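Participant: Structure file coords-v4.cif (mmCIF, C-alpha atoms) is given on the next line.
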```
data_run
loop_
_atom_site.group_PDB
_atom_site.id
_atom_site.type_symbol
_atom_site.label_atom_id
_atom_site.label_comp_id
_atom_site.auth_asym_id
_atom_site.auth_seq_id
_atom_site.Cartn_x
_atom_site.Cartn_y
_atom_site.Cartn_z
ATOM 1 C CA MET A 1 11.933 21.264 7.224
ATOM 2 C CA ASP A 2 14.109 19.017 9.399
ATOM 3 C CA LYS A 3 11.642 19.434 12.269
ATOM 4 C CA LEU A 4 8.892 17.859 10.168
ATOM 5 C CA ILE A 5 10.839 15.341 8.099
ATOM 6 C CA THR A 6 12.955 12.321 8.979
ATOM 7 C CA CYS A 7 15.168 11.192 6.107
ATOM 8 C CA PHE A 8 17.796 8.587 6.968
ATOM 9 C CA TYR A 9 18.972 8.081 3.386
ATOM 10 C CA ARG A 10 19.582 11.354 1.576
ATOM 11 C CA ARG A 11 19.628 11.050 -2.207
ATOM 12 C CA PRO A 12 20.118 14.478 -3.795
ATOM 13 C CA SER A 13 20.132 12.990 -7.289
ATOM 14 C CA ALA A 14 16.823 11.143 -6.802
ATOM 15 C CA VAL A 15 14.233 11.703 -9.526
ATOM 16 C CA THR A 16 11.237 11.242 -7.203
ATOM 17 C CA ARG A 17 10.533 11.706 -3.507
ATOM 18 C CA LEU A 18 8.209 9.322 -1.707
ATOM 19 C CA ILE A 19 6.612 11.209 1.179
ATOM 20 C CA CYS A 20 5.142 8.919 3.845
ATOM 21 C CA PHE A 21 2.434 9.944 6.312
ATOM 22 C CA PRO A 22 2.201 8.101 9.667
ATOM 23 C CA TRP A 23 -0.717 6.093 11.018
ATOM 24 C CA ALA A 24 -2.591 7.380 14.076
ATOM 25 C CA GLY A 25 -0.199 7.741 17.008
ATOM 26 C CA GLY A 26 2.734 6.786 14.809
ATOM 27 C CA GLY A 27 6.123 8.391 14.472
ATOM 28 C CA SER A 28 8.448 8.794 11.531
ATOM 29 C CA LEU A 29 11.020 6.056 12.150
ATOM 30 C CA TYR A 30 9.217 3.130 10.500
ATOM 31 C CA TYR A 31 8.932 4.797 7.097
ATOM 32 C CA ALA A 32 12.330 6.460 7.392
ATOM 33 C CA GLN A 33 13.810 2.966 7.304
ATOM 34 C CA TRP A 34 12.164 2.406 3.930
ATOM 35 C CA GLY A 35 14.847 4.609 2.397
ATOM 36 C CA LYS A 36 17.293 1.691 2.333
ATOM 37 C CA LEU A 37 14.788 -0.451 0.404
ATOM 38 C CA PHE A 38 14.629 1.850 -2.625
ATOM 39 C CA ASP A 39 17.292 2.561 -5.225
ATOM 40 C CA ASP A 40 19.009 5.894 -5.807
ATOM 41 C CA THR A 41 16.171 7.248 -7.951
ATOM 42 C CA ILE A 42 13.783 7.497 -4.968
ATOM 43 C CA GLU A 43 14.320 9.481 -1.771
ATOM 44 C CA VAL A 44 12.025 8.731 1.174
ATOM 45 C CA TYR A 45 10.735 11.499 3.418
ATOM 46 C CA SER A 46 8.853 10.438 6.560
ATOM 47 C CA ILE A 47 6.485 12.947 8.170
ATOM 48 C CA LYS A 48 7.018 13.622 11.891
ATOM 49 C CA LEU A 49 3.910 15.131 13.453
ATOM 50 C CA PRO A 50 3.935 17.280 16.629
ATOM 51 C CA GLY A 51 3.679 15.547 19.997
ATOM 52 C CA ARG A 52 6.071 12.660 19.323
ATOM 53 C CA GLU A 53 9.778 11.844 18.927
ATOM 54 C CA SER A 54 11.885 15.028 18.850
ATOM 55 C CA ARG A 55 8.636 17.042 18.810
ATOM 56 C CA SER A 56 7.256 15.437 21.983
ATOM 57 C CA LYS A 57 6.982 18.756 23.839
ATOM 58 C CA GLU A 58 4.838 20.337 21.119
ATOM 59 C CA PRO A 59 1.029 20.240 21.384
ATOM 60 C CA PHE A 60 -0.786 17.744 19.175
ATOM 61 C CA ALA A 61 -2.461 18.926 15.988
ATOM 62 C CA GLN A 62 -6.073 19.882 16.626
ATOM 63 C CA ASN A 63 -7.477 19.371 13.123
ATOM 64 C CA MET A 64 -6.665 18.269 9.602
ATOM 65 C CA GLU A 65 -6.126 21.817 8.346
ATOM 66 C CA GLN A 66 -3.328 22.347 10.859
ATOM 67 C CA ILE A 67 -1.499 19.225 9.663
ATOM 68 C CA VAL A 68 -1.915 20.095 5.992
ATOM 69 C CA ASP A 69 -0.787 23.687 6.573
ATOM 70 C CA GLU A 70 2.408 22.587 8.299
ATOM 71 C CA VAL A 71 3.293 19.926 5.744
ATOM 72 C CA ILE A 72 2.844 22.276 2.811
ATOM 73 C CA GLN A 73 4.656 25.175 4.476
ATOM 74 C CA ALA A 74 7.661 22.969 5.211
ATOM 75 C CA LEU A 75 7.765 21.006 1.964
ATOM 76 C CA LEU A 76 6.557 23.382 -0.736
ATOM 77 C CA PRO A 77 10.068 24.218 -2.070
ATOM 78 C CA GLU A 78 10.900 20.493 -2.314
ATOM 79 C CA LEU A 79 7.571 19.680 -3.937
ATOM 80 C CA GLN A 80 8.205 22.336 -6.578
ATOM 81 C CA GLU A 81 11.706 21.010 -7.199
ATOM 82 C CA LYS A 82 11.003 17.482 -8.468
ATOM 83 C CA SER A 83 8.266 14.881 -8.796
ATOM 84 C CA PHE A 84 6.837 13.328 -5.645
ATOM 85 C CA ALA A 85 4.433 10.605 -4.522
ATOM 86 C CA PHE A 86 2.495 10.135 -1.284
ATOM 87 C CA PHE A 87 2.031 7.013 0.830
ATOM 88 C CA GLY A 88 -0.194 6.859 3.877
ATOM 89 C CA HIS A 89 -1.573 4.076 6.040
ATOM 90 C CA SER A 90 -4.891 4.405 7.910
ATOM 91 C CA PHE A 91 -4.828 7.944 9.415
ATOM 92 C CA GLY A 92 -1.996 8.671 6.976
ATOM 93 C CA SER A 93 -4.313 7.917 4.047
ATOM 94 C CA PHE A 94 -6.485 10.869 5.041
ATOM 95 C CA THR A 95 -3.633 13.297 5.812
ATOM 96 C CA SER A 96 -1.892 12.452 2.522
ATOM 97 C CA PHE A 97 -5.128 12.847 0.554
ATOM 98 C CA ALA A 98 -6.007 16.161 2.227
ATOM 99 C CA THR A 99 -2.498 17.441 1.500
ATOM 100 C CA ALA A 100 -2.716 16.338 -2.135
ATOM 101 C CA VAL A 101 -6.048 18.111 -2.616
ATOM 102 C CA ARG A 102 -4.815 21.362 -1.074
ATOM 103 C CA LEU A 103 -1.637 21.277 -3.177
ATOM 104 C CA LYS A 104 -3.617 20.915 -6.371
ATOM 105 C CA GLU A 105 -6.261 23.498 -5.518
ATOM 106 C CA THR A 106 -3.870 26.143 -4.193
ATOM 107 C CA TYR A 107 -0.566 25.572 -5.983
ATOM 108 C CA GLY A 108 -1.389 23.509 -9.064
ATOM 109 C CA LEU A 109 0.900 20.742 -7.779
ATOM 110 C CA GLU A 110 -0.013 17.081 -7.595
ATOM 111 C CA PRO A 111 1.752 13.862 -6.617
ATOM 112 C CA VAL A 112 2.550 11.522 -9.492
ATOM 113 C CA HIS A 113 0.658 8.904 -7.486
ATOM 114 C CA LEU A 114 -1.238 8.520 -4.225
ATOM 115 C CA PHE A 115 -0.730 5.224 -2.389
ATOM 116 C CA VAL A 116 -3.278 4.729 0.388
ATOM 117 C CA SER A 117 -3.604 1.831 2.794
ATOM 118 C CA GLY A 118 -5.989 0.451 5.395
ATOM 119 C CA ALA A 119 -8.702 3.088 5.071
ATOM 120 C CA SER A 120 -12.062 3.761 3.463
ATOM 121 C CA ALA A 121 -12.290 6.744 1.130
ATOM 122 C CA PRO A 122 -12.710 10.027 3.029
ATOM 123 C CA HIS A 123 -16.255 10.618 1.755
ATOM 124 C CA SER A 124 -17.459 7.080 2.499
ATOM 125 C CA LYS A 125 -20.170 6.701 5.132
ATOM 126 C CA THR A 126 -18.460 3.511 6.376
ATOM 127 C CA ARG A 127 -15.769 5.687 7.991
ATOM 128 C CA PHE A 128 -17.832 6.595 11.021
ATOM 129 C CA PRO A 129 -18.450 3.917 13.701
ATOM 130 C CA ASN A 130 -21.282 4.170 16.212
ATOM 131 C CA GLN A 131 -18.880 5.480 18.866
ATOM 132 C CA LYS A 132 -15.784 7.565 18.315
ATOM 133 C CA ARG A 133 -12.649 5.612 19.279
ATOM 134 C CA SER A 134 -11.092 8.696 20.847
ATOM 135 C CA GLU A 135 -13.971 8.866 23.339
ATOM 136 C CA LEU A 136 -13.580 5.307 24.640
ATOM 137 C CA SER A 137 -12.484 4.741 28.229
ATOM 138 C CA ASP A 138 -8.842 3.703 28.586
ATOM 139 C CA GLU A 139 -9.956 0.131 29.321
ATOM 140 C CA ASP A 140 -12.149 -0.125 26.233
ATOM 141 C CA PHE A 141 -9.540 1.723 24.201
ATOM 142 C CA LEU A 142 -6.907 -0.888 25.085
ATOM 143 C CA LYS A 143 -9.345 -3.659 24.141
ATOM 144 C CA TRP A 144 -9.870 -2.006 20.770
ATOM 145 C CA MET A 145 -6.109 -1.634 20.248
ATOM 146 C CA SER A 146 -5.597 -5.287 21.118
ATOM 147 C CA HIS A 147 -8.232 -6.285 18.567
ATOM 148 C CA THR A 148 -6.762 -4.004 15.891
ATOM 149 C CA GLY A 149 -3.303 -5.567 16.205
ATOM 150 C CA GLY A 150 0.053 -4.022 15.427
ATOM 151 C CA THR A 151 0.918 -3.222 19.052
ATOM 152 C CA PRO A 152 2.901 -5.950 20.857
ATOM 153 C CA ALA A 153 1.114 -7.506 23.844
ATOM 154 C CA GLU A 154 4.001 -6.590 26.163
ATOM 155 C CA VAL A 155 3.524 -2.917 25.233
ATOM 156 C CA LEU A 156 -0.235 -3.075 25.804
ATOM 157 C CA GLN A 157 0.395 -4.553 29.258
ATOM 158 C CA ASN A 158 2.998 -1.933 30.190
ATOM 159 C CA LYS A 159 1.167 0.954 31.868
ATOM 160 C CA ASP A 160 4.111 3.346 31.575
ATOM 161 C CA ALA A 161 4.478 2.634 27.870
ATOM 162 C CA MET A 162 0.763 3.086 27.267
ATOM 163 C CA GLN A 163 0.746 6.433 29.071
ATOM 164 C CA LEU A 164 3.162 7.631 26.399
ATOM 165 C CA PHE A 165 1.462 5.914 23.490
ATOM 166 C CA ILE A 166 -2.247 6.581 24.090
ATOM 167 C CA PRO A 167 -2.236 10.438 24.040
ATOM 168 C CA PRO A 168 -0.847 10.857 20.481
ATOM 169 C CA LEU A 169 -3.034 8.020 19.232
ATOM 170 C CA LYS A 170 -6.208 9.529 20.671
ATOM 171 C CA ALA A 171 -5.195 12.983 19.411
ATOM 172 C CA ASP A 172 -4.804 11.689 15.852
ATOM 173 C CA LEU A 173 -8.072 9.766 16.084
ATOM 174 C CA ARG A 174 -9.860 12.971 17.118
ATOM 175 C CA VAL A 175 -8.450 14.696 14.049
ATOM 176 C CA VAL A 176 -9.607 11.996 11.634
ATOM 177 C CA GLU A 177 -12.964 11.492 13.375
ATOM 178 C CA ASN A 178 -13.683 15.202 12.915
ATOM 179 C CA PHE A 179 -12.437 15.232 9.313
ATOM 180 C CA VAL A 180 -15.539 15.364 7.136
ATOM 181 C CA TYR A 181 -15.020 15.412 3.386
ATOM 182 C CA GLU A 182 -17.825 16.201 0.975
ATOM 183 C CA LYS A 183 -16.951 14.847 -2.449
ATOM 184 C CA PRO A 184 -17.495 17.437 -5.195
ATOM 185 C CA ASP A 185 -19.245 16.573 -8.455
ATOM 186 C CA THR A 186 -15.960 16.547 -10.357
ATOM 187 C CA HIS A 187 -12.791 14.542 -9.709
ATOM 188 C CA VAL A 188 -10.505 16.368 -7.286
ATOM 189 C CA LEU A 189 -7.306 14.629 -8.425
ATOM 190 C CA SER A 190 -5.769 13.617 -11.739
ATOM 191 C CA CYS A 191 -3.073 11.325 -10.379
ATOM 192 C CA GLY A 192 -3.550 7.578 -10.051
ATOM 193 C CA ILE A 193 -4.561 6.043 -6.727
ATOM 194 C CA THR A 194 -3.514 2.630 -5.459
ATOM 195 C CA CYS A 195 -5.280 1.127 -2.434
ATOM 196 C CA PHE A 196 -3.639 -1.503 -0.235
ATOM 197 C CA ASP A 197 -5.386 -3.393 2.544
ATOM 198 C CA GLY A 198 -5.051 -6.419 4.788
ATOM 199 C CA THR A 199 -7.320 -9.361 4.005
ATOM 200 C CA GLU A 200 -8.120 -9.856 7.702
ATOM 201 C CA ASP A 201 -8.731 -6.183 8.512
ATOM 202 C CA VAL A 202 -12.230 -4.815 9.052
ATOM 203 C CA PRO A 203 -13.884 -4.123 5.660
ATOM 204 C CA HIS A 204 -12.988 -0.793 4.098
ATOM 205 C CA ASP A 205 -14.761 1.024 1.283
ATOM 206 C CA LEU A 206 -11.777 0.964 -1.054
ATOM 207 C CA GLU A 207 -13.701 1.248 -4.304
ATOM 208 C CA ALA A 208 -14.927 4.704 -3.277
ATOM 209 C CA TRP A 209 -11.373 6.030 -3.657
ATOM 210 C CA SER A 210 -11.838 5.662 -7.425
ATOM 211 C CA HIS A 211 -14.480 8.433 -7.307
ATOM 212 C CA LEU A 212 -11.828 10.979 -6.339
ATOM 213 C CA THR A 213 -9.532 10.828 -9.369
ATOM 214 C CA LYS A 214 -9.669 10.631 -13.127
ATOM 215 C CA GLY A 215 -6.323 8.811 -13.038
ATOM 216 C CA ASP A 216 -5.793 5.066 -12.937
ATOM 217 C CA PHE A 217 -7.011 3.106 -9.937
ATOM 218 C CA SER A 218 -6.224 -0.299 -8.455
ATOM 219 C CA ILE A 219 -6.761 -2.322 -5.277
ATOM 220 C CA HIS A 220 -4.254 -4.788 -3.788
ATOM 221 C CA LYS A 221 -5.002 -6.934 -0.743
ATOM 222 C CA LEU A 222 -2.259 -8.629 1.240
ATOM 223 C CA PRO A 223 -2.552 -11.257 3.988
ATOM 224 C CA GLY A 224 -2.924 -9.933 7.524
ATOM 225 C CA GLY A 225 -4.860 -7.518 9.703
ATOM 226 C CA HIS A 226 -4.773 -3.751 10.021
ATOM 227 C CA PHE A 227 -0.981 -3.621 10.317
ATOM 228 C CA TYR A 228 -0.353 -6.140 7.540
ATOM 229 C CA LEU A 229 2.388 -3.859 6.182
ATOM 230 C CA LYS A 230 4.668 -4.649 9.139
ATOM 231 C CA ASP A 231 5.037 -8.232 7.895
ATOM 232 C CA PRO A 232 8.402 -8.384 6.046
ATOM 233 C CA THR A 233 6.922 -10.225 3.048
ATOM 234 C CA ASN A 234 4.102 -7.714 2.703
ATOM 235 C CA GLU A 235 6.500 -4.813 3.182
ATOM 236 C CA LYS A 236 8.644 -6.147 0.346
ATOM 237 C CA HIS A 237 5.584 -6.454 -1.867
ATOM 238 C CA LEU A 238 4.576 -2.866 -1.096
ATOM 239 C CA VAL A 239 8.021 -1.493 -1.831
ATOM 240 C CA ASN A 240 8.344 -3.470 -5.066
ATOM 241 C CA HIS A 241 4.958 -2.272 -6.273
ATOM 242 C CA ILE A 242 5.741 1.347 -5.445
ATOM 243 C CA CYS A 243 9.150 1.056 -7.142
ATOM 244 C CA LYS A 244 7.686 -0.330 -10.361
ATOM 245 C CA TYR A 245 4.988 2.308 -10.499
ATOM 246 C CA LEU A 246 7.360 5.197 -9.825
ATOM 247 C CA GLU A 247 9.850 3.917 -12.391
ATOM 248 C CA THR A 248 7.114 4.215 -15.008
ATOM 249 C CA ALA A 249 6.137 7.650 -13.711
ATOM 250 C CA GLU A 250 9.777 8.794 -13.818
ATOM 251 C CA MET A 251 10.055 7.837 -17.477
ATOM 252 C CA SER A 252 7.017 9.922 -18.367
ATOM 253 C CA TYR A 253 8.183 12.807 -16.154
ATOM 254 C CA LEU A 254 11.651 13.068 -17.658
#
```
As structure tokens - that is how I would like this structure written.
Facilitator:
Amino acid sequence: MDKLITCFYRRPSAVTRLICFPWAGGGSLYYAQWGKLFDDTIEVYSIKLPGRESRSKEPFAQNMEQIVDEVIQALLPELQEKSFAFFGHSFGSFTSFATAVRLKETYGLEPVHLFVSGASAPHSKTRFPNQKRSELSDEDFLKWMSHTGGTPAEVLQNKDAMQLFIPPLKADLRVVENFVYEKPDTHVLSCGITCFDGTEDVPHDLEAWSHLTKGDFSIHKLPGGHFYLKDPTNEKHLVNHICKYLETAEMSYL
């Protein structure tokens, strides 16, 4: 499990685990730092995908099934042990959702809540642009990254840094671009879903997430672009909202 998970703040007595899934090209360190922002009732696990950080020598995941398989294989004992919630931003919204669906269908397990951010629902037709981002030339790809925001200009202008950063990002984009989800006639989840998004990001089909669960559903928009969550004020808002929701879930779980 340690190969897949970064957890800076171990809390064995925690009632709930918050499992965070990275954005495309992202590592585990950003979410691992969230552990210090929660109280002792919540333990934060941050997913570390192959091809980055201590797993840099491993080949990138080729498809969504491979990611879901690895996450469940590594975490199943922990998921059976106590309640858990998922958080994912952008690419992480899809990996967390796909993992939640597989857990319910195969093991009868479900997160107490699914927090998704910066992404249209997986079955929404708005997900697919005219050209796949992973197929852009490096020049056009850098232009797109600059427009998306979240990557400092000095990093974008550093060729050595970009040679390290672009491969995992394109690999993750290929996974999500090839992830096609056909929504069944019935709800696939029972847990609530909360959608977060930046007010200045490209429009996302957030409402479509409500079609996937019979649980409660809400949308919260915060100021900023695609990486609005990196703003300290927005980050605090996210953490506070998650805390309040999980506190309520803990009371019903106990």
Participant: When you count all atoms listed in the file, which of these residues is closest to Val116 in chain A: A:Pro232, A:Pro223, A:Gly198, A:Gly88?
Facilitator: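 The shortest atom-to-atom distance to Val116 in chain A comes from A:Gly88.
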Participant: Return the single residue from A:Val180, A:Val15, A:Leu238, A:Met64 that is closest to Ser124 in chain A, with distances computed using all atoms listed in the file.
Facilitator: A:Val180
Participant: Could you please determine the separation between CA of Ile47 in chain A and CA of Gln62 in chain A in Å, to one decimal place?
Facilitator: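 CA of Ile47 in chain A sits 16.7 Å away from CA of Gln62 in chain A.
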Participant: Name every residue that the PyMOL selection byres ((chain A and resi 89) around 6) selects in this structure, writing the answer as a list in words with chains first and numbers rising.
Facilitator: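 Applying the expression gives Trp23, Gly88, Ser90, Gly92, Ser93, Val116, Ser117 and Gly118 of chain A.
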Participant: Selection in question (the file shown): the PyMOL selection byres ((chain A and resi 10) around 9). Which residues does it include, as a short mmCIF file (atom, residue, chain, number, x, y, z; two decimals) with C-alpha atoms, in the coordinates of the input?
Facilitator:
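Saved result, out19.cif, follows:
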```cif
data_model
loop_
_atom_site.label_atom_id
_atom_site.label_comp_id
_atom_site.auth_asym_id
_atom_site.auth_seq_id
_atom_site.Cartn_x
_atom_site.Cartn_y
_atom_site.Cartn_z
CA CYS A 7 15.17 11.19 6.11
CA PHE A 8 17.80 8.59 6.97
CA TYR A 9 18.97 8.08 3.39
CA ARG A 11 19.63 11.05 -2.21
CA PRO A 12 20.12 14.48 -3.80
CA ALA A 14 16.82 11.14 -6.80
CA GLY A 35 14.85 4.61 2.40
CA GLU A 43 14.32 9.48 -1.77
CA VAL A 44 12.02 8.73 1.17
#
```
Participant: Nearest to Thr16 in chain A among A:Leu114, A:Val188, A:Ala85, A:Ala74, with distances taken over only C-alpha atoms: which residue is it?
Facilitator: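 Closest to Thr16 in chain A of all the choices is A:Ala85.
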Participant: Return as a list in words the set of residues that the PyMOL selection byres ((chain A and resi 55) around 12) yields on the displayed structure.
Facilitator: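 The output of the PyMOL selection byres ((chain A and resi 55) around 12) on this file is Asp2, Lys3, Leu4, Ile5, Thr6, Gly27, Ser28, Ile47, Lys48, Leu49, Pro50, Gly51, Arg52, Glu53, Ser54, Ser56, Lys57, Glu58, Pro59, Phe60, Ala61 and Pro168 of chain A.
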Participant: Those residues with C-alpha atoms, as an mmCIF file, in the coordinates of the input please?
Facilitator:
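Output contents, as saved in part_32.cif:
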```cif
data_model
loop_
_atom_site.group_PDB
_atom_site.id
_atom_site.type_symbol
_atom_site.label_atom_id
_atom_site.label_comp_id
_atom_site.auth_asym_id
_atom_site.auth_seq_id
_atom_site.Cartn_x
_atom_site.Cartn_y
_atom_site.Cartn_z
ATOM 1 C CA ASP A 2 14.109 19.017 9.399
ATOM 2 C CA LYS A 3 11.642 19.434 12.269
ATOM 3 C CA LEU A 4 8.892 17.859 10.168
ATOM 4 C CA ILE A 5 10.839 15.341 8.099
ATOM 5 C CA THR A 6 12.955 12.321 8.979
ATOM 6 C CA GLY A 27 6.123 8.391 14.472
ATOM 7 C CA SER A 28 8.448 8.794 11.531
ATOM 8 C CA ILE A 47 6.485 12.947 8.170
ATOM 9 C CA LYS A 48 7.018 13.622 11.891
ATOM 10 C CA LEU A 49 3.910 15.131 13.453
ATOM 11 C CA PRO A 50 3.935 17.280 16.629
ATOM 12 C CA GLY A 51 3.679 15.547 19.997
ATOM 13 C CA ARG A 52 6.071 12.660 19.323
ATOM 14 C CA GLU A 53 9.778 11.844 18.927
ATOM 15 C CA SER A 54 11.885 15.028 18.850
ATOM 16 C CA SER A 56 7.256 15.437 21.983
ATOM 17 C CA LYS A 57 6.982 18.756 23.839
ATOM 18 C CA GLU A 58 4.838 20.337 21.119
ATOM 19 C CA PRO A 59 1.029 20.240 21.384
ATOM 20 C CA PHE A 60 -0.786 17.744 19.175
ATOM 21 C CA ALA A 61 -2.461 18.926 15.988
ATOM 22 C CA PRO A 168 -0.847 10.857 20.481
#
```
